[in-house]
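What follows is a set of notes on a single structure, which appears directly below.
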Amino acid sequence: MNIELKHIFLICMLYTPLVSNAQDEKFVSLTKYTKADTLAKKNIDTVQQVDLYELIGAAFGNKSTGKTDAVTTKPVFSVVPALGYTLQSKLALTLAGNIAFRTTKDSKISTITINTAYTQTKQIIIPIQSNIWTNNNGYNFVGDIRYLKYPQSTYGLGSSSNIKDEDPMDYDFFRFSEIVLKRLWPDVYAGVGYITDIHWNMSHKGPLDGVPSAYDEYGAQSHSVSSGITLNALFDSRDNSINPYHGFYASLQYRDNGNYLGNLHSWQSLIVDVRKYFNFPSGSNNVLALWSYNWLVLTGNPPYLDLPANTWDTYSGTGRGYIQGRFRGAQMVYLESEYRFRITTNGLIGGVVFINAQSFSADQGTALQTIQPAFGPGLRLKLNKVSRTNIAIDYGIGREGSRGMFINVGEIF
C-alpha cells in the first residue's frame, strides 16, 4: 500500500504516547472492559460536586444521599427515557435500561444494557449489550446483540469521495458477538470471541448526481453474512473508564472471517484502539485526552457494509463533524484529541474542545487518501457525580459544509 509522507506522519502519531499512569486506588472498575462503568469509593473532590440527579431531587425537597456503590448479588433495574440527536439519526426517541448485579460479592459489577431508539429518519435501533464478571474477576464475558432497521446513505469509497455522490440505502442488520477474556496480569487480559454480522433487505437508489455507483462497482448484494473468530488483547490502567482523568488503554482485535465459517469470501481484519489521558495542567481537574483508532482490512474483500467506516466503531464515536458512513474503505486511520475542562467549580457544567482527522483508502491494496479533519466545542452536564457520567453535547464542523450537533450520555472516548 503506497502512503504519502503526510500519511506516514499520521500513522507514526498513532503510537504516542505509550507511557501509562498507575491506577488510582480510589476507584473500583465495575463493568465494560472497553468502556467500563466505575464508581468512586470515596473521593473528596467527588463528594463536593453536584450532579443533575441532586438538582432534580432538591427541587422535590430531597436531600443528597451521598451515593454509594450498593449493588449486590440482587439485581438492580433502571429505566430512563430520553430524547437525543445526531447527524445520522436526526431526532431520536430512546428508552434505555440496565440490570446491574454481582455474580459474587467479590466480583466487579456485571451489567445487561438495552438502549432502544426510533429516529426521525425512521431508523429502528435495538442493541442488547452484556458484560459479566466471574468470581474474583478471573473471566470477563462481553456480549453484543443488536438489530437495526437502517436507512442510511453511502458516498463511495475512500476519504476523497465526493459528498455529491450520495447513494441512499436501506437494509436490516443483525449482529451477534461474544468475547471471553481471561485475566493474565493486573490490567492485562486476553481471549477469543465470535462475531457474525448479517445484512438483508439491502437496496439502494443510486447516486443522486447520476454518476456510476461505487456500491455497484464494489459488488452490490441483497444479503451478506460475515462470520468471524476473534483474538483479543487488552491493557487498561485508566482510573475511571467512563470519564478518565489519567491512564492508558490499548486493545487489539484480530478477526478471521474464513471460508470454513461459511463466508462467501474469506477476509481478515485488525482493529487497534489506543487512548491516553493526562491531567493538564498537572494537578488540575482538566484533562487532555488522545485517541488513535485504526481499522484495517488485512486480506480479502469484506461485504461493502462490513468495510471500515466512520462512526461504525463499537461505541459510534469516530468522526464527530461528519454523518455516519460518510467515509468508507478498506483501511481507516483515525486520530483525535480533546481538552476537557470545568466551567463551574462544583463540576456541574464543563466544556470540551476537540479536533480529529481521518484517512481512508478505497479498495484493498490502494493508498490512503485525503486527510479529512473536523473540530468543534462541546458542553458537559454532570449526570452522575459518582460515576463521572456526563451528558455530552457537541457541535462538530467538518469539510464540504458538514456540521451538526451530537448528543450522547458519557464521553466519546
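To be explicit about the labels: the chains of the C-alpha cells are called A, B, and onward in the order shown, and within each one the residues are counted from 1, while ligands get numbers from 1 in the order they are shown.
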| query | Got a sec: who's within 7 Å of range 319-326 of chain A, counting only C-alpha atoms, leaving out chain neighbours fewer than 4 positions off, as a PyMOL selection string? | reply | chain A and resi 87-88+154-155+309-311+374-375+396-398+402-404
| query | Which polymer residues have any atom within 8 Å of an atom of Val297 in chain A, counting only C-alpha atoms, with same-chain residues fewer than 6 positions away left out, as an MDAnalysis selection string? | reply | chainID A and resid 267:270 307:308 330:331 364
Store the residues of this selection in a file with N, CA and C atoms, as a PDB file, in the first residue's frame.
```pdb
ATOM      1  N   TRP A 267     -11.966 -13.114   4.475  1.00  0.00           N
ATOM      2  CA  TRP A 267     -11.266 -11.854   4.711  1.00  0.00           C
ATOM      3  C   TRP A 267     -10.880 -11.746   6.185  1.00  0.00           C
ATOM      4  N   GLN A 268      -9.844 -10.957   6.443  1.00  0.00           N
ATOM      5  CA  GLN A 268      -9.317 -10.798   7.786  1.00  0.00           C
ATOM      6  C   GLN A 268      -9.136  -9.304   8.078  1.00  0.00           C
ATOM      7  N   SER A 269      -9.359  -8.919   9.326  1.00  0.00           N
ATOM      8  CA  SER A 269      -9.231  -7.510   9.699  1.00  0.00           C
ATOM      9  C   SER A 269      -8.547  -7.368  11.043  1.00  0.00           C
ATOM     10  N   LEU A 270      -8.103  -6.145  11.320  1.00  0.00           N
ATOM     11  CA  LEU A 270      -7.422  -5.832  12.573  1.00  0.00           C
ATOM     12  C   LEU A 270      -7.905  -4.472  13.063  1.00  0.00           C
ATOM     13  N   LEU A 307     -17.113  -3.006   5.528  1.00  0.00           N
ATOM     14  CA  LEU A 307     -15.862  -2.271   5.412  1.00  0.00           C
ATOM     15  C   LEU A 307     -15.736  -1.255   6.548  1.00  0.00           C
ATOM     16  N   PRO A 308     -14.520  -0.907   6.951  1.00  0.00           N
ATOM     17  CA  PRO A 308     -14.338   0.158   7.938  1.00  0.00           C
ATOM     18  C   PRO A 308     -15.026   1.446   7.487  1.00  0.00           C
ATOM     19  N   ALA A 330     -11.181   0.240   2.704  1.00  0.00           N
ATOM     20  CA  ALA A 330     -10.511  -0.959   3.213  1.00  0.00           C
ATOM     21  C   ALA A 330      -9.595  -0.649   4.391  1.00  0.00           C
ATOM     22  N   GLN A 331      -9.092   0.576   4.489  1.00  0.00           N
ATOM     23  CA  GLN A 331      -8.203   0.957   5.583  1.00  0.00           C
ATOM     24  C   GLN A 331      -8.713   2.261   6.200  1.00  0.00           C
ATOM     25  N   GLN A 364      -9.130  -2.548  -1.384  1.00  0.00           N
ATOM     26  CA  GLN A 364      -7.999  -3.213  -0.761  1.00  0.00           C
ATOM     27  C   GLN A 364      -6.764  -3.061  -1.638  1.00  0.00           C
TER      28      GLN A 364
END
```
| said: Which residues are near Gln123 in chain A? Cut-off 9 Å, only C-alpha atoms, ignore same chain within fewer than 6 positions. Put them as an MDAnalysis selection string. | reply: chainID A and resid 89 92 117 148:152
Once you have the residues from the selection above, write them out as a PDB file, in the first residue's frame, restricted to C-alpha atoms.
```
ATOM      1  CA  SER A  89     -30.428   9.907  13.031  1.00  0.00           C
ATOM      2  CA  ALA A  92     -34.147  10.096  18.284  1.00  0.00           C
ATOM      3  CA  ALA A 117     -34.320   4.031  19.716  1.00  0.00           C
ATOM      4  CA  LEU A 148     -31.069  -2.298  13.139  1.00  0.00           C
ATOM      5  CA  LYS A 149     -33.593  -1.248  10.533  1.00  0.00           C
ATOM      6  CA  TYR A 150     -31.323   1.309   8.993  1.00  0.00           C
ATOM      7  CA  PRO A 151     -31.990   3.686   6.113  1.00  0.00           C
ATOM      8  CA  GLN A 152     -28.625   5.389   5.545  1.00  0.00           C
TER       9      GLN A 152
END
```
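Residues within 9 Å of Ser130 in chain A, counting only C-alpha atoms and excluding same-chain residues fewer than 2 positions away, are Lys32, Ser110, Thr111, Ile112, Thr113, Ile114, Ile128, Ile132, Phe141, Val142, Gly143, Asp144 and Ile145 of chain A.
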Written file, previous selection with N, CA and C atoms, as a PDB file, in the first residue's frame:
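Dumped to out_24.pdb:
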```
ATOM      1  N   LYS A  32     -17.904  -2.610  31.651  1.00  0.00           N
ATOM      2  CA  LYS A  32     -17.327  -2.962  30.367  1.00  0.00           C
ATOM      3  C   LYS A  32     -15.807  -2.919  30.366  1.00  0.00           C
ATOM      4  N   SER A 110     -21.575  -6.686  37.183  1.00  0.00           N
ATOM      5  CA  SER A 110     -21.975  -7.126  35.846  1.00  0.00           C
ATOM      6  C   SER A 110     -23.194  -6.326  35.400  1.00  0.00           C
ATOM      7  N   THR A 111     -23.326  -6.143  34.089  1.00  0.00           N
ATOM      8  CA  THR A 111     -24.457  -5.377  33.562  1.00  0.00           C
ATOM      9  C   THR A 111     -25.044  -6.026  32.322  1.00  0.00           C
ATOM     10  N   ILE A 112     -26.333  -5.806  32.155  1.00  0.00           N
ATOM     11  CA  ILE A 112     -27.026  -6.090  30.904  1.00  0.00           C
ATOM     12  C   ILE A 112     -27.736  -4.800  30.529  1.00  0.00           C
ATOM     13  N   THR A 113     -27.434  -4.270  29.351  1.00  0.00           N
ATOM     14  CA  THR A 113     -27.919  -2.954  28.952  1.00  0.00           C
ATOM     15  C   THR A 113     -28.728  -3.047  27.667  1.00  0.00           C
ATOM     16  N   ILE A 114     -29.859  -2.345  27.665  1.00  0.00           N
ATOM     17  CA  ILE A 114     -30.700  -2.244  26.470  1.00  0.00           C
ATOM     18  C   ILE A 114     -30.915  -0.761  26.180  1.00  0.00           C
ATOM     19  N   ILE A 128     -28.570  -4.959  22.615  1.00  0.00           N
ATOM     20  CA  ILE A 128     -28.515  -5.569  23.944  1.00  0.00           C
ATOM     21  C   ILE A 128     -27.054  -5.920  24.202  1.00  0.00           C
ATOM     22  N   ILE A 132     -20.316  -9.526  31.818  1.00  0.00           N
ATOM     23  CA  ILE A 132     -20.444 -10.373  33.000  1.00  0.00           C
ATOM     24  C   ILE A 132     -19.064 -10.730  33.542  1.00  0.00           C
ATOM     25  N   PHE A 141     -16.996 -11.887  30.330  1.00  0.00           N
ATOM     26  CA  PHE A 141     -17.772 -12.254  29.146  1.00  0.00           C
ATOM     27  C   PHE A 141     -18.451 -10.990  28.611  1.00  0.00           C
ATOM     28  N   VAL A 142     -18.100 -10.609  27.388  1.00  0.00           N
ATOM     29  CA  VAL A 142     -18.600  -9.370  26.785  1.00  0.00           C
ATOM     30  C   VAL A 142     -19.468  -9.718  25.579  1.00  0.00           C
ATOM     31  N   GLY A 143     -20.754  -9.366  25.638  1.00  0.00           N
ATOM     32  CA  GLY A 143     -21.684  -9.697  24.563  1.00  0.00           C
ATOM     33  C   GLY A 143     -22.263  -8.469  23.889  1.00  0.00           C
ATOM     34  N   ASP A 144     -22.597  -8.610  22.643  1.00  0.00           N
ATOM     35  CA  ASP A 144     -23.198  -7.520  21.863  1.00  0.00           C
ATOM     36  C   ASP A 144     -24.175  -8.138  20.867  1.00  0.00           C
ATOM     37  N   ILE A 145     -25.462  -7.935  21.108  1.00  0.00           N
ATOM     38  CA  ILE A 145     -26.508  -8.390  20.184  1.00  0.00           C
ATOM     39  C   ILE A 145     -27.297  -7.159  19.750  1.00  0.00           C
TER      40      ILE A 145
END
```
Considering only C-alpha atoms, return as a PDB file with C-alpha atoms, in the first residue's frame whatever protein or nucleic-acid residues lie within 8 Å of Asn346 in chain A, sequence-local ones (same chain, fewer than 2 positions apart) excluded.
```pdb
ATOM      1  CA  GLN A  48     -18.130  18.133  46.847  1.00  0.00           C
ATOM      2  CA  GLN A  49     -19.546  18.035  43.327  1.00  0.00           C
ATOM      3  CA  VAL A  50     -23.171  18.489  42.269  1.00  0.00           C
ATOM      4  CA  THR A 344     -18.304  25.630  37.350  1.00  0.00           C
ATOM      5  CA  LEU A 348     -21.982  20.503  37.272  1.00  0.00           C
ATOM      6  CA  ILE A 349     -21.057  22.227  33.989  1.00  0.00           C
TER       7      ILE A 349
END
```
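Within range 160-321 of chain A, DSSP run on the backbone puts these residues in alpha helix (DSSP H): Ala214, Tyr215, Asp216, Glu217, Tyr218 and Gly219 of chain A.
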Those same residues - N, CA and C atoms - I'd like them written as a PDB file, in the first residue's frame.
```
ATOM      1  N   ALA A 214     -20.570   3.506  -6.799  1.00  0.00           N
ATOM      2  CA  ALA A 214     -19.410   2.818  -6.211  1.00  0.00           C
ATOM      3  C   ALA A 214     -19.843   1.520  -5.547  1.00  0.00           C
ATOM      4  N   TYR A 215     -21.049   1.504  -5.020  1.00  0.00           N
ATOM      5  CA  TYR A 215     -21.581   0.296  -4.381  1.00  0.00           C
ATOM      6  C   TYR A 215     -21.764  -0.810  -5.415  1.00  0.00           C
ATOM      7  N   ASP A 216     -22.305  -0.480  -6.592  1.00  0.00           N
ATOM      8  CA  ASP A 216     -22.454  -1.467  -7.666  1.00  0.00           C
ATOM      9  C   ASP A 216     -21.088  -1.957  -8.145  1.00  0.00           C
ATOM     10  N   GLU A 217     -20.145  -1.021  -8.284  1.00  0.00           N
ATOM     11  CA  GLU A 217     -18.826  -1.395  -8.780  1.00  0.00           C
ATOM     12  C   GLU A 217     -18.101  -2.308  -7.791  1.00  0.00           C
ATOM     13  N   TYR A 218     -18.292  -2.100  -6.496  1.00  0.00           N
ATOM     14  CA  TYR A 218     -17.645  -2.938  -5.495  1.00  0.00           C
ATOM     15  C   TYR A 218     -18.276  -4.322  -5.457  1.00  0.00           C
ATOM     16  N   GLY A 219     -19.599  -4.369  -5.637  1.00  0.00           N
ATOM     17  CA  GLY A 219     -20.321  -5.631  -5.596  1.00  0.00           C
ATOM     18  C   GLY A 219     -21.590  -5.538  -4.776  1.00  0.00           C
TER      19      GLY A 219
END
```
So that I can check the surroundings of range 231-237 of chain A, please list as an mmCIF file with N, CA and C atoms, in the first residue's frame every protein, DNA and RNA residue that reaches within 6 Å of it, counting only C-alpha atoms and ignoring chain neighbours fewer than 2 positions away.
```cif
data_model
loop_
_atom_site.group_PDB
_atom_site.id
_atom_site.type_symbol
_atom_site.label_atom_id
_atom_site.label_comp_id
_atom_site.auth_asym_id
_atom_site.auth_seq_id
_atom_site.Cartn_x
_atom_site.Cartn_y
_atom_site.Cartn_z
ATOM 1 N N GLN A 23 -2.736 2.959 38.358
ATOM 2 C CA GLN A 23 -4.176 3.002 38.588
ATOM 3 C C GLN A 23 -4.469 3.696 39.907
ATOM 4 N N ASP A 187 -4.381 -5.510 35.002
ATOM 5 C CA ASP A 187 -4.642 -4.628 33.858
ATOM 6 C C ASP A 187 -4.482 -5.312 32.509
ATOM 7 N N VAL A 188 -4.083 -6.575 32.466
ATOM 8 C CA VAL A 188 -3.825 -7.261 31.199
ATOM 9 C C VAL A 188 -4.770 -8.445 31.034
ATOM 10 N N TYR A 189 -5.480 -8.479 29.890
ATOM 11 C CA TYR A 189 -6.429 -9.543 29.587
ATOM 12 C C TYR A 189 -6.203 -10.033 28.162
ATOM 13 N N ALA A 190 -6.563 -11.278 27.914
ATOM 14 C CA ALA A 190 -6.511 -11.830 26.559
ATOM 15 C C ALA A 190 -7.609 -12.867 26.414
ATOM 16 N N GLY A 191 -8.083 -13.069 25.180
ATOM 17 C CA GLY A 191 -9.150 -14.046 24.987
ATOM 18 C C GLY A 191 -9.552 -14.192 23.535
ATOM 19 N N VAL A 192 -10.628 -14.915 23.331
ATOM 20 C CA VAL A 192 -11.151 -15.195 21.996
ATOM 21 C C VAL A 192 -12.626 -14.843 21.952
ATOM 22 N N GLY A 247 -4.406 7.776 32.730
ATOM 23 C CA GLY A 247 -4.287 6.353 32.452
ATOM 24 C C GLY A 247 -4.074 6.061 30.978
ATOM 25 N N PHE A 248 -3.936 4.783 30.680
ATOM 26 C CA PHE A 248 -3.623 4.325 29.325
ATOM 27 C C PHE A 248 -4.505 3.131 28.990
ATOM 28 N N TYR A 249 -4.954 3.085 27.748
ATOM 29 C CA TYR A 249 -5.816 1.996 27.286
ATOM 30 C C TYR A 249 -5.334 1.557 25.909
ATOM 31 N N ALA A 250 -5.217 0.250 25.696
ATOM 32 C CA ALA A 250 -4.863 -0.273 24.379
ATOM 33 C C ALA A 250 -5.559 -1.610 24.174
ATOM 34 N N SER A 251 -6.244 -1.758 23.058
ATOM 35 C CA SER A 251 -6.881 -3.033 22.735
ATOM 36 C C SER A 251 -6.543 -3.425 21.309
ATOM 37 N N LEU A 252 -6.506 -4.723 21.101
ATOM 38 C CA LEU A 252 -6.172 -5.293 19.799
ATOM 39 C C LEU A 252 -7.177 -6.389 19.498
ATOM 40 N N GLN A 253 -7.795 -6.309 18.310
ATOM 41 C CA GLN A 253 -8.728 -7.357 17.912
ATOM 42 C C GLN A 253 -8.422 -7.807 16.484
ATOM 43 N N TYR A 254 -8.050 -9.081 16.357
ATOM 44 C CA TYR A 254 -7.847 -9.696 15.048
ATOM 45 C C TYR A 254 -9.069 -10.553 14.745
#
```
| Spatial neighbours of Gly262 in chain A, 9 Å, only C-alpha atoms, chain gap at least 6 places, as an NGL selection string | :A and (225-227)
Taking C-alpha atoms for each residue, export the selection above as a short mmCIF file (atom, residue, chain, number, x, y, z; two decimals), in the first residue's frame.
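Wrote it out as again-v5.cif, contents follow:
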```
data_model
loop_
_atom_site.label_atom_id
_atom_site.label_comp_id
_atom_site.auth_asym_id
_atom_site.auth_seq_id
_atom_site.Cartn_x
_atom_site.Cartn_y
_atom_site.Cartn_z
CA VAL A 225 -23.04 -12.64 6.06
CA SER A 226 -19.70 -12.14 7.78
CA SER A 227 -18.86 -14.78 10.37
#
```
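The spacing separating CA of Asn294 in chain A from CA of Thr318 in chain A amounts to 10.3 Å.
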| query | Please, which residues of range 142-317 of chain A, numbered as in this document, come out strand (DSSP E or B) from DSSP, as a ChimeraX atom specification? | reply | /A:142-149,152-154,167-185,188-204,223-236,247-257,267-279,287-299,309
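We find CA of Gly401 in chain A and CA of Gln372 in chain A to be spaced 12.4 Å apart.
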| request: Would you mind telling me which residue in A:Gln221, A:Asn131, A:Asn162, A:Thr196 lies nearest to Leu208 in chain A when using only C-alpha atoms? | output: A:Asn162
| query | Of the candidates A:Val409, A:Tyr339, A:Thr299, A:Asn356, which shows the shortest atom-to-atom distance to Asn279 in chain A, using only C-alpha atoms? | reply | A:Tyr339
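Going from CA of Trp133 in chain A to CA of Thr116 in chain A covers 24.1 Å.
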